>>> print(open('query_39.txt').read())   # compact mmCIF, C-alpha atoms and all ligand atoms
# COMPACT_ATOMS: atom_id res chain seq x y z
CA MET A 1 -17.23 15.88 -19.82
CA SER A 2 -20.51 15.18 -18.21
CA LYS A 3 -21.38 12.03 -16.39
CA LEU A 4 -24.86 12.29 -15.00
CA PRO A 5 -26.59 10.10 -12.42
CA PHE A 6 -29.44 7.80 -13.51
CA VAL A 7 -31.76 9.78 -11.26
CA ASN A 8 -32.59 13.49 -11.45
CA LYS A 9 -32.81 16.05 -8.64
CA GLU A 10 -36.59 16.18 -8.59
CA LYS A 11 -36.94 12.42 -8.18
CA LEU A 12 -34.19 12.30 -5.59
CA ASP A 13 -35.80 15.08 -3.53
CA GLU A 14 -39.00 13.07 -3.56
CA ILE A 15 -37.18 9.91 -2.42
CA MET A 16 -35.40 11.79 0.37
CA LYS A 17 -38.74 12.83 1.82
CA ASP A 18 -39.31 9.17 2.73
CA TYR A 19 -35.78 7.92 3.23
CA PRO A 20 -33.05 9.77 5.09
CA THR A 21 -29.54 9.91 3.61
CA PRO A 22 -27.20 8.20 3.28
CA PHE A 23 -28.50 5.35 1.12
CA HIS A 24 -27.53 3.32 -1.90
CA LEU A 25 -29.97 3.63 -4.77
CA TYR A 26 -30.17 1.08 -7.61
CA ASP A 27 -31.59 1.49 -11.09
CA GLU A 28 -33.82 -1.42 -12.16
CA LYS A 29 -34.05 -0.25 -15.75
CA GLY A 30 -30.28 -0.07 -16.18
CA ILE A 31 -29.74 -3.48 -14.58
CA ARG A 32 -32.30 -5.07 -16.91
CA GLU A 33 -31.04 -3.47 -20.12
CA ASN A 34 -27.47 -4.46 -19.37
CA ALA A 35 -28.34 -8.05 -18.40
CA LYS A 36 -30.28 -8.38 -21.64
CA ALA A 37 -27.36 -7.04 -23.67
CA LEU A 38 -24.94 -9.52 -22.08
CA ARG A 39 -27.26 -12.41 -22.89
CA GLU A 40 -27.59 -11.25 -26.50
CA ALA A 41 -23.85 -10.69 -26.90
CA PHE A 42 -23.17 -14.34 -26.05
CA SER A 43 -26.29 -15.86 -27.62
CA TRP A 44 -24.06 -17.52 -30.26
CA ASN A 45 -22.91 -19.93 -27.54
CA LYS A 46 -25.55 -22.53 -26.73
CA GLY A 47 -24.57 -23.16 -23.13
CA PHE A 48 -23.71 -19.57 -22.20
CA LYS A 49 -24.40 -18.66 -18.59
CA GLU A 50 -23.55 -15.71 -16.39
CA TYR A 51 -23.03 -16.59 -12.73
CA PHE A 52 -23.40 -13.24 -11.00
CA ALA A 53 -20.60 -12.68 -8.47
CA VAL A 54 -22.75 -12.47 -5.35
CA LYS A 55 -20.00 -10.79 -3.35
CA ALA A 56 -20.29 -7.68 -5.55
CA THR A 57 -23.90 -6.91 -4.53
CA PRO A 58 -25.31 -9.49 -2.14
CA ASN A 59 -28.93 -8.35 -2.25
CA PRO A 60 -31.58 -10.97 -3.11
CA PHE A 61 -33.93 -8.41 -4.70
CA LEU A 62 -31.24 -7.32 -7.16
CA ILE A 63 -30.00 -10.83 -7.90
CA ASN A 64 -33.58 -11.92 -8.54
CA ILE A 65 -33.77 -9.35 -11.34
CA LEU A 66 -30.70 -10.94 -12.94
CA ARG A 67 -32.22 -14.38 -12.49
CA GLU A 68 -34.93 -13.37 -14.99
CA TYR A 69 -32.17 -13.14 -17.60
CA GLY A 70 -30.86 -16.63 -16.89
CA CYS A 71 -28.15 -15.67 -14.42
CA GLY A 72 -26.96 -18.05 -11.73
CA CYS A 73 -24.90 -17.24 -8.64
CA ASP A 74 -21.15 -17.28 -8.20
CA CYS A 75 -20.51 -17.84 -4.50
CA SER A 76 -17.38 -18.00 -2.40
CA SER A 77 -18.60 -18.24 1.17
CA TYR A 78 -21.12 -19.94 3.43
CA THR A 79 -23.52 -17.01 3.62
CA GLU A 80 -23.35 -16.38 -0.11
CA LEU A 81 -24.41 -20.00 -0.59
CA MET A 82 -27.26 -19.42 1.88
CA LEU A 83 -28.38 -16.37 -0.05
CA SER A 84 -28.39 -18.33 -3.32
CA GLU A 85 -30.37 -21.15 -1.77
CA ALA A 86 -32.87 -18.64 -0.37
CA ILE A 87 -33.64 -17.27 -3.84
CA GLY A 88 -33.92 -20.76 -5.29
CA ALA A 89 -30.62 -20.85 -7.14
CA VAL A 90 -29.38 -24.35 -6.38
CA GLY A 91 -27.62 -27.18 -8.23
CA GLU A 92 -25.71 -26.07 -11.30
CA GLU A 93 -27.18 -22.59 -10.90
CA ILE A 94 -24.36 -22.10 -8.40
CA MET A 95 -20.68 -21.82 -9.20
CA PHE A 96 -18.68 -22.16 -6.01
CA SER A 97 -15.41 -20.31 -6.75
CA SER A 98 -13.74 -20.05 -3.37
CA ASN A 99 -10.19 -20.15 -2.11
CA ALA A 100 -8.65 -21.23 1.20
CA THR A 101 -12.01 -22.94 1.58
CA PRO A 102 -13.21 -24.10 5.02
CA ALA A 103 -14.44 -27.72 5.02
CA GLU A 104 -18.01 -26.82 5.99
CA GLU A 105 -18.31 -24.63 2.91
CA PHE A 106 -17.43 -27.53 0.61
CA VAL A 107 -19.96 -29.66 2.48
CA TYR A 108 -22.69 -27.06 1.99
CA ALA A 109 -21.81 -26.38 -1.66
CA ASN A 110 -21.93 -30.12 -2.31
CA LYS A 111 -25.25 -30.46 -0.53
CA LEU A 112 -26.70 -27.77 -2.79
CA GLY A 113 -25.28 -29.52 -5.87
CA ALA A 114 -23.18 -26.47 -6.79
CA ILE A 115 -20.41 -26.73 -9.36
CA ILE A 116 -17.23 -26.69 -7.32
CA ASN A 117 -14.32 -24.76 -8.78
CA LEU A 118 -11.09 -25.92 -7.12
CA ASP A 119 -8.60 -23.16 -6.42
CA ASP A 120 -5.68 -25.47 -5.72
CA TYR A 121 -4.28 -28.88 -6.52
CA THR A 122 -4.30 -29.86 -2.84
CA HIS A 123 -8.04 -29.17 -2.70
CA ILE A 124 -8.66 -32.39 -4.62
CA ASP A 125 -7.68 -34.46 -1.58
CA PHE A 126 -9.24 -31.97 0.82
CA LEU A 127 -12.56 -32.09 -1.02
CA GLU A 128 -12.55 -35.87 -1.33
CA LYS A 129 -11.84 -36.29 2.39
CA THR A 130 -14.44 -33.66 3.27
CA ILE A 131 -17.41 -34.83 1.20
CA GLY A 132 -16.36 -38.44 0.67
CA HIS A 133 -16.15 -38.38 -3.13
CA ILE A 134 -15.26 -36.29 -6.17
CA PRO A 135 -18.31 -34.80 -7.92
CA GLU A 136 -19.00 -35.85 -11.51
CA THR A 137 -18.79 -32.23 -12.65
CA ILE A 138 -15.78 -30.33 -11.40
CA SER A 139 -13.86 -27.20 -12.34
CA CYS A 140 -10.28 -26.07 -11.79
CA ARG A 141 -9.00 -22.53 -11.47
CA TYR A 142 -5.98 -21.74 -13.63
CA ASN A 143 -3.23 -19.20 -13.06
CA PRO A 144 -0.62 -19.14 -15.83
CA GLY A 145 1.58 -16.74 -13.83
CA GLY A 146 3.59 -13.88 -15.27
CA LEU A 147 2.05 -10.58 -16.28
CA PHE A 148 -1.18 -10.26 -18.20
CA LYS A 149 -0.57 -7.78 -21.00
CA ILE A 150 -2.62 -6.34 -23.81
CA SER A 151 -0.15 -4.99 -26.38
CA ASN A 152 2.36 -3.33 -24.06
CA ASP A 153 -0.07 -2.46 -21.31
CA ILE A 154 0.21 -4.49 -18.15
CA MET A 155 -3.37 -5.30 -17.18
CA ASP A 156 -2.61 -7.22 -14.01
CA ASN A 157 -0.08 -9.46 -12.34
CA PRO A 158 -1.38 -13.06 -12.09
CA GLY A 159 2.10 -14.22 -11.02
CA ASP A 160 1.55 -12.29 -7.80
CA ALA A 161 -2.03 -13.48 -7.21
CA LYS A 162 -2.93 -16.12 -4.62
CA TYR A 163 -5.50 -17.78 -6.87
CA GLY A 164 -5.41 -20.80 -9.13
CA MET A 165 -3.15 -23.65 -10.19
CA THR A 166 -0.02 -23.56 -12.35
CA THR A 167 -0.14 -25.11 -15.82
CA GLU A 168 1.56 -28.29 -14.59
CA GLN A 169 -0.78 -28.60 -11.62
CA LEU A 170 -3.81 -28.08 -13.85
CA PHE A 171 -2.84 -31.00 -16.13
CA GLU A 172 -2.09 -33.21 -13.15
CA ALA A 173 -5.36 -32.19 -11.47
CA PHE A 174 -7.40 -33.20 -14.53
CA LYS A 175 -5.71 -36.61 -14.64
CA VAL A 176 -6.23 -37.25 -10.94
CA LEU A 177 -9.84 -36.01 -10.95
CA LYS A 178 -10.64 -38.19 -13.95
CA ALA A 179 -9.15 -41.22 -12.25
CA LYS A 180 -11.29 -40.44 -9.21
CA GLY A 181 -14.47 -40.46 -11.26
CA ALA A 182 -15.02 -36.90 -12.51
CA LYS A 183 -16.76 -36.91 -15.91
CA GLU A 184 -17.35 -33.28 -16.90
CA PHE A 185 -14.69 -30.61 -16.52
CA GLY A 186 -14.49 -26.87 -16.41
CA ILE A 187 -11.60 -24.40 -16.51
CA HIS A 188 -11.73 -21.03 -14.81
CA ALA A 189 -9.37 -18.05 -14.71
CA PHE A 190 -9.56 -14.47 -13.48
CA LEU A 191 -6.40 -12.74 -14.67
CA ALA A 192 -7.20 -9.01 -14.66
CA SER A 193 -9.64 -6.86 -12.76
CA ASN A 194 -11.77 -3.89 -13.88
CA THR A 195 -10.53 -3.95 -17.47
CA VAL A 196 -11.92 -1.07 -19.50
CA THR A 197 -11.10 -2.53 -22.90
CA ASN A 198 -12.97 -4.85 -25.25
CA GLU A 199 -9.83 -6.97 -25.65
CA TYR A 200 -9.56 -8.56 -22.20
CA TYR A 201 -12.12 -11.35 -22.55
CA PRO A 202 -11.03 -12.38 -26.07
CA MET A 203 -7.38 -12.50 -24.96
CA LEU A 204 -8.23 -14.47 -21.84
CA ALA A 205 -10.42 -16.76 -23.95
CA LYS A 206 -7.49 -17.48 -26.27
CA VAL A 207 -5.27 -18.48 -23.33
CA LEU A 208 -7.98 -20.72 -21.84
CA PHE A 209 -9.18 -22.22 -25.12
CA GLU A 210 -5.63 -23.22 -26.10
CA VAL A 211 -5.04 -24.84 -22.72
CA ALA A 212 -8.43 -26.55 -22.97
CA VAL A 213 -7.56 -28.15 -26.32
CA LYS A 214 -4.30 -29.52 -24.90
CA LEU A 215 -5.99 -30.69 -21.71
CA GLN A 216 -8.70 -32.58 -23.52
CA LYS A 217 -6.15 -34.18 -25.86
CA GLU A 218 -3.63 -35.15 -23.19
CA THR A 219 -5.95 -36.22 -20.40
CA GLY A 220 -9.03 -37.38 -22.28
CA ALA A 221 -11.15 -35.31 -19.85
CA HIS A 222 -14.30 -33.90 -21.45
CA ILE A 223 -14.38 -30.14 -21.10
CA LYS A 224 -17.94 -28.98 -20.62
CA PHE A 225 -17.38 -25.30 -19.90
CA ILE A 226 -14.82 -22.54 -19.83
CA ASN A 227 -15.42 -19.87 -17.23
CA LEU A 228 -14.05 -16.45 -18.14
CA SER A 229 -14.95 -15.26 -14.65
CA GLY A 230 -15.13 -11.54 -13.79
CA GLY A 231 -12.94 -8.63 -14.72
CA ILE A 232 -14.92 -6.69 -17.31
CA GLY A 233 -14.72 -3.18 -15.96
CA ILE A 234 -16.77 -0.01 -16.03
CA PRO A 235 -15.84 3.61 -16.78
CA TYR A 236 -15.57 5.15 -13.31
CA ARG A 237 -13.99 8.28 -14.81
CA PRO A 238 -15.92 10.58 -17.10
CA ASP A 239 -13.21 10.44 -19.78
CA GLN A 240 -13.28 6.64 -20.02
CA GLU A 241 -15.18 4.89 -22.75
CA ALA A 242 -17.48 2.08 -21.65
CA ASN A 243 -16.86 -1.47 -22.81
CA ASP A 244 -19.00 -2.65 -25.69
CA ILE A 245 -20.36 -6.01 -24.58
CA TYR A 246 -21.38 -6.88 -28.15
CA ALA A 247 -17.78 -6.34 -29.34
CA ILE A 248 -16.57 -8.45 -26.42
CA GLY A 249 -19.01 -11.28 -27.22
CA GLU A 250 -18.01 -11.16 -30.87
CA GLY A 251 -14.29 -11.17 -29.94
CA VAL A 252 -14.76 -14.31 -27.84
CA ARG A 253 -16.80 -15.92 -30.64
CA LYS A 254 -13.95 -15.40 -33.13
CA VAL A 255 -11.41 -17.08 -30.85
CA PHE A 256 -13.92 -19.87 -30.20
CA GLU A 257 -14.21 -20.48 -33.97
CA GLU A 258 -10.42 -20.33 -34.40
CA VAL A 259 -9.35 -22.54 -31.52
CA LEU A 260 -12.13 -24.73 -30.15
CA VAL A 261 -14.23 -25.54 -33.21
CA PRO A 262 -11.33 -26.99 -35.28
CA ALA A 263 -10.40 -29.16 -32.26
CA GLY A 264 -13.90 -30.63 -32.25
CA MET A 265 -14.80 -28.71 -29.11
CA GLY A 266 -17.64 -26.59 -30.48
CA ASP A 267 -19.88 -27.93 -27.70
CA VAL A 268 -18.02 -26.10 -24.93
CA ALA A 269 -20.22 -23.71 -22.94
CA ILE A 270 -18.94 -20.25 -22.04
CA TYR A 271 -19.58 -19.13 -18.48
CA THR A 272 -18.93 -15.74 -16.93
CA GLU A 273 -18.89 -14.54 -13.32
CA LEU A 274 -19.29 -10.82 -13.79
CA GLY A 275 -19.97 -8.63 -10.80
CA ARG A 276 -18.89 -5.07 -11.44
CA PHE A 277 -20.08 -5.05 -15.04
CA MET A 278 -23.55 -6.30 -14.06
CA MET A 279 -24.27 -3.83 -11.27
CA GLY A 280 -21.55 -1.19 -10.87
CA PRO A 281 -23.04 1.66 -12.93
CA TYR A 282 -26.58 0.94 -11.75
CA GLY A 283 -26.06 1.95 -8.16
CA CYS A 284 -25.09 5.21 -6.50
CA LEU A 285 -24.53 6.45 -2.97
CA VAL A 286 -26.68 9.42 -2.03
CA THR A 287 -25.37 11.65 0.75
CA LYS A 288 -25.74 15.19 2.03
CA ALA A 289 -23.12 17.84 2.73
CA ILE A 290 -23.45 18.53 6.47
CA HIS A 291 -20.24 20.40 7.26
CA GLU A 292 -17.73 22.64 5.56
CA LYS A 293 -14.32 23.19 6.95
CA HIS A 294 -11.69 25.70 5.86
CA THR A 295 -8.25 24.85 7.23
CA HIS A 296 -5.16 23.93 5.23
CA LYS A 297 -7.56 22.63 2.62
CA GLU A 298 -11.24 22.99 1.84
CA TYR A 299 -13.29 20.11 3.22
CA ILE A 300 -16.88 19.08 2.77
CA GLY A 301 -18.11 16.61 5.40
CA CYS A 302 -20.90 14.23 4.37
CA ASP A 303 -23.34 12.04 6.23
CA ALA A 304 -21.94 8.99 4.40
CA CYS A 305 -18.49 7.61 5.12
CA ALA A 306 -16.11 4.85 4.04
CA VAL A 307 -18.36 2.35 5.81
CA ASP A 308 -20.84 2.90 2.96
CA LEU A 309 -18.22 2.90 0.22
CA MET A 310 -14.72 1.72 0.91
CA ARG A 311 -13.14 1.73 -2.53
CA PRO A 312 -11.71 5.27 -2.41
CA ALA A 313 -10.17 4.68 1.02
CA MET A 314 -8.94 1.20 0.23
CA TYR A 315 -7.69 1.52 -3.35
CA GLY A 316 -7.63 5.27 -3.95
CA ALA A 317 -10.38 4.48 -6.46
CA TYR A 318 -12.05 7.30 -8.36
CA HIS A 319 -15.80 7.67 -7.99
CA HIS A 320 -17.43 10.51 -9.87
CA ILE A 321 -19.47 12.95 -7.79
CA THR A 322 -22.41 15.06 -8.92
CA VAL A 323 -23.69 17.95 -6.81
CA MET A 324 -27.41 17.70 -7.52
CA GLY A 325 -28.96 20.74 -9.12
CA LYS A 326 -25.54 22.16 -9.97
CA GLU A 327 -24.82 19.94 -12.96
CA ASN A 328 -24.28 22.94 -15.22
CA LYS A 329 -22.36 25.14 -12.78
CA PRO A 330 -18.63 25.56 -13.32
CA CYS A 331 -16.36 23.17 -11.38
CA ASP A 332 -14.29 25.99 -9.90
CA HIS A 333 -13.93 24.84 -6.28
CA LYS A 334 -11.36 22.32 -5.10
CA TYR A 335 -12.55 20.06 -2.29
CA ASP A 336 -11.75 17.00 -0.26
CA ILE A 337 -15.08 15.24 0.23
CA THR A 338 -14.92 13.38 3.52
CA GLY A 339 -16.85 11.06 5.80
CA SER A 340 -16.79 11.15 9.57
CA LEU A 341 -14.53 8.21 10.42
CA CYS A 342 -11.51 8.84 12.62
CA GLU A 343 -9.36 7.75 9.69
CA ASN A 344 -7.71 10.24 7.39
CA ASN A 345 -8.31 8.01 4.37
CA ASP A 346 -12.07 8.44 4.81
CA LYS A 347 -12.31 10.65 1.74
CA PHE A 348 -14.58 10.03 -1.23
CA ALA A 349 -12.53 12.48 -3.28
CA ILE A 350 -9.30 14.40 -2.84
CA ASP A 351 -8.62 17.73 -4.56
CA ARG A 352 -11.76 17.27 -6.67
CA MET A 353 -12.92 20.22 -8.76
CA LEU A 354 -16.65 20.68 -8.15
CA PRO A 355 -19.23 23.46 -8.18
CA GLU A 356 -19.46 25.44 -4.95
CA ILE A 357 -21.11 23.20 -2.35
CA GLU A 358 -23.54 24.59 0.18
CA MET A 359 -24.69 22.90 3.35
CA GLY A 360 -27.62 20.62 2.66
CA ASP A 361 -26.62 19.97 -0.95
CA THR A 362 -27.17 16.41 -2.11
CA LEU A 363 -24.13 14.64 -3.48
CA VAL A 364 -24.48 11.60 -5.69
CA ILE A 365 -21.44 9.34 -5.68
CA HIS A 366 -21.55 7.30 -8.87
CA ASP A 367 -20.93 3.67 -9.73
CA THR A 368 -21.40 2.15 -6.30
CA GLY A 369 -23.63 -0.69 -7.54
CA ALA A 370 -20.91 -3.32 -7.19
CA HIS A 371 -18.29 -3.65 -4.46
CA GLY A 372 -19.98 -0.67 -2.79
CA TYR A 373 -22.43 -1.52 -0.01
CA ALA A 374 -20.99 -5.03 -0.11
CA MET A 375 -17.56 -4.02 1.15
CA GLY A 376 -19.02 -2.02 4.01
CA TYR A 377 -17.92 -2.55 7.55
CA ASN A 378 -18.69 -1.16 10.99
CA TYR A 379 -15.56 0.73 11.96
CA ASN A 380 -16.12 3.49 14.50
CA GLY A 381 -19.41 1.77 15.29
CA LYS A 382 -20.85 3.29 12.13
CA LEU A 383 -24.03 1.64 10.94
CA LYS A 384 -24.50 0.56 7.36
CA SER A 385 -26.93 2.47 5.19
CA ALA A 386 -30.15 1.34 3.53
CA GLU A 387 -30.44 0.06 -0.04
CA LEU A 388 -33.29 1.30 -2.25
CA LEU A 389 -34.42 0.18 -5.66
CA LEU A 390 -35.68 2.72 -8.17
CA LYS A 391 -38.13 0.61 -10.14
CA GLU A 392 -38.89 0.89 -13.82
CA ASP A 393 -42.28 2.47 -13.05
CA GLY A 394 -40.61 5.22 -11.00
CA SER A 395 -41.62 3.85 -7.60
CA VAL A 396 -39.06 3.13 -4.91
CA GLN A 397 -38.70 -0.07 -2.90
CA LEU A 398 -36.70 -0.47 0.29
CA ILE A 399 -34.60 -3.57 -0.43
CA ARG A 400 -32.51 -3.45 2.74
CA ARG A 401 -33.18 -1.29 5.77
CA ALA A 402 -30.43 0.73 7.38
CA GLU A 403 -28.70 -0.90 10.33
CA LYS A 404 -29.82 0.01 13.84
CA PRO A 405 -27.73 0.05 17.00
CA SER A 406 -29.34 -3.28 17.95
CA ASP A 407 -27.76 -4.84 14.83
CA TYR A 408 -24.37 -3.56 15.89
CA PHE A 409 -24.71 -4.97 19.39
CA ALA A 410 -26.39 -8.22 18.30
CA THR A 411 -23.24 -10.29 18.75
CA PHE A 412 -22.81 -9.34 22.42
CA ASP A 413 -24.62 -12.39 23.82
CA CYS A 414 -22.10 -12.23 26.63
CA PHE A 415 -22.66 -8.60 27.68
CA ASP A 416 -25.94 -6.88 28.39
CA ILE A 417 -26.48 -3.57 26.68
CA ASP A 418 -29.63 -1.60 27.30
CA LEU A 419 -30.93 -0.78 23.82
C1 LIG A 501 -14.71 -10.95 -7.43
C2 LIG A 501 -14.90 -12.12 -8.31
C3 LIG A 501 -15.68 -12.02 -9.48
C4 LIG A 501 -16.30 -10.73 -9.95
O1 LIG A 501 -15.36 -9.79 -10.25
P1 LIG A 501 -15.78 -8.40 -10.95
O2 LIG A 501 -14.51 -7.62 -10.95
O3 LIG A 501 -16.81 -7.80 -10.09
O4 LIG A 501 -16.27 -8.72 -12.31
C5 LIG A 501 -15.86 -13.17 -10.22
N1 LIG A 501 -15.31 -14.35 -9.85
C6 LIG A 501 -14.56 -14.48 -8.75
C7 LIG A 501 -14.03 -15.81 -8.40
C8 LIG A 501 -14.32 -13.38 -7.95
O5 LIG A 501 -13.57 -13.52 -6.86
>>> encode(input="query_39.txt", output="structure tokens")
Amino acid sequence: MSKLPFVNKEKLDEIMKDYPTPFHLYDEKGIRENAKALREAFSWNKGFKEYFAVKATPNPFLINILREYGCGCDCSSYTELMLSEAIGAVGEEIMFSSNATPAEEFVYANKLGAIINLDDYTHIDFLEKTIGHIPETISCRYNPGGLFKISNDIMDNPGDAKYGMTTEQLFEAFKVLKAKGAKEFGIHAFLASNTVTNEYYPMLAKVLFEVAVKLQKETGAHIKFINLSGGIGIPYRPDQEANDIYAIGEGVRKVFEEVLVPAGMGDVAIYTELGRFMMGPYGCLVTKAIHEKHTHKEYIGCDACAVDLMRPAMYGAYHHITVMGKENKPCDHKYDITGSLCENNDKFAIDRMLPEIEMGDTLVIHDTGAHGYAMGYNYNGKLKSAELLLKEDGSVQLIRRAEKPSDYFATFDCFDIDL
């Protein structure tokens, strides 16, 4: 089963002449084709809008590409709001889906005219006290509890998730918000993450559409949009089949025709807040093998570490690895591929069968385009890598420089360090 990077060895060798490893590389062509496909898949819905989950890949150059396809920004923090404002996404181009929200973030979101998505019933009062009123357009996050299943497969456990309001709270929230002057309503739910099945969105849509019909009937609130949020996954493993966004769009359309249209709610707009699906496959982490170690196991030490990509360490997540130039060699060596952190979970792969790796080989770690660079941190004083964009014309643009020691020490206003 082959899963090849979007860049070949020749091109990568050329890039590495100008940029030292490690770095994240993004594929403009892939990002564009996918964004276009999403837009087409939901073109049946007049108000459709994708609000890209900024947290997944908070890089203005990349988000600006998505903006060309009509995408807005889904933010959940102060700096994500700043980033959106900086690229000119303001007003209803921003969905503010936060939780445990600090007051100043509501103030800022309101100042920008963002659509505020309330995570909790108590946030109604909190918001009103904080900004002095209830906005005319408002959204509520729903959590029906229990397990989210497709057939007999448990997809996720919303009953155990900190997000959203119960069914009762949601109905009460709509009544209270309406009484306080809200005119246009939205419902939002994120019930399962990284789903590699075409059935998740249609099933989620059915749950939300049925609640929406009842809500509009019982409370008289006008529902303007239903936000299916994130959760469409990507095939990290070579044996997984990718989602078909056209099948997903069509699945949601069917439920829309079955549930909303007969209730006279054919004007409802569908919103999404995809992160992983928009960027995940179109980024990779490029690193070099700099050490080999033969002890109780065989180790390959890289110049990248969990600071550049935390998912394997944090979730035990699988990321496919290609040894460049050895794509057709047999995978007859078993390795742990490690970074240099003083943390034993700093391993990009454990017991992975790969071709024999020699020092200086380039390793491409796949599918780091979302929740990759973004989750990085500075443990061990490690500095975060650069981000590069491989453009459609084959040229390369530096879209974020690598951190320098002065970045790491920048917060020591209170202690002088000679840099
Ligand atoms: C993380 C997040 C998303 C994006 O999730 P993906 O798994 O990347 O699709 C969307 N909405 C909210 C509120 C989130 O927290």
>>> residues_around(input="query_39.txt", residues="A:Gln216", least_positions_apart="4", cutoff="10 Å", atoms="only C-alpha atoms", output="PyMOL selection string")
chain A and resi 171+174+185+211-212+220-223+263+265
>>> write_last_selection(input="query_39.txt", atoms="C-alpha atoms", output="PDB file, keeping the file's coordinate frame")
ATOM      1  CA  PHE A 171      -2.840 -31.000 -16.130  1.00  0.00           C
ATOM      2  CA  PHE A 174      -7.400 -33.200 -14.530  1.00  0.00           C
ATOM      3  CA  PHE A 185     -14.690 -30.610 -16.520  1.00  0.00           C
ATOM      4  CA  VAL A 211      -5.040 -24.840 -22.720  1.00  0.00           C
ATOM      5  CA  ALA A 212      -8.430 -26.550 -22.970  1.00  0.00           C
ATOM      6  CA  GLY A 220      -9.030 -37.380 -22.280  1.00  0.00           C
ATOM      7  CA  ALA A 221     -11.150 -35.310 -19.850  1.00  0.00           C
ATOM      8  CA  HIS A 222     -14.300 -33.900 -21.450  1.00  0.00           C
ATOM      9  CA  ILE A 223     -14.380 -30.140 -21.100  1.00  0.00           C
ATOM     10  CA  ALA A 263     -10.400 -29.160 -32.260  1.00  0.00           C
ATOM     11  CA  MET A 265     -14.800 -28.710 -29.110  1.00  0.00           C
TER      12      MET A 265
END
>>> residues_around(input="query_39.txt", residues="A:Glu14", least_positions_apart="4", cutoff="12 Å", atoms="all atoms listed in the file", output="number ranges by chain")
A: 7-10, 18-20, 390, 394-396
>>> residues_near_ligand(input="query_39.txt", ligand="ligand LIG 501 (chain A)", cutoff="6 Å", atoms="all atoms listed in the file", output="ChimeraX atom specification")
/A:53,56,97,193-194,229-232,273-277
>>> atom_distance(input="query_39.txt", atom1="atom CA of A:Glu68", atom2="atom CA of A:Asp27")
15.7 Å
>>> atom_distance(input="query_39.txt", atom1="atom CA of A:Glu136", atom2="atom CA of A:Ala205")
24.3 Å
>>> closest_residue(input="query_39.txt", among="A:Pro330, A:Gly164, A:Gly233, A:Gly325", to="A:Thr195", atoms="all atoms listed in the file")
A:Gly233
>>> atom_distance(input="query_39.txt", atom1="atom CA of A:Gly266", atom2="atom CA of A:Gly145")
27.3 Å
>>> residues_around(input="query_39.txt", residues="A:Leu208", least_positions_apart="5", cutoff="9 Å", atoms="all atoms listed in the file", output="list in words")
Tyr142, Ile187, His188, Ala189, Met203, Val213, Ile226, Asn227 and Leu228 of chain A
>>> closest_residue(input="query_39.txt", among="A:Asp308, A:Asp367, A:Glu105, A:Glu258", to="A:Ser340", atoms="all atoms listed in the file")
A:Asp308
>>> closest_residue(input="query_39.txt", among="A:Leu260, A:Lys11, A:Cys331, A:Leu363", to="A:Gly301", atoms="all atoms listed in the file")
A:Leu363
>>> residues_around(input="query_39.txt", residues="A:Leu388", least_positions_apart="2", cutoff="10 Å", atoms="only C-alpha atoms", output="ChimeraX atom specification")
/A:15,19,23-27,283,385-386,390-391,396-401
>>> residues_around(input="query_39.txt", residues="A:Ile154", least_positions_apart="5", cutoff="12 Å", atoms="only C-alpha atoms", output="PyMOL selection string")
chain A and resi 146-149+191-193+195+200
>>> closest_residue(input="query_39.txt", among="A:Val286, A:Leu118, A:Met95, A:Leu177", to="A:Ile134", atoms="only C-alpha atoms")
A:Leu177
>>> closest_residue(input="query_39.txt", among="A:Ala289, A:Phe225, A:Asp336, A:His133", to="A:Gly360", atoms="only C-alpha atoms")
A:Ala289
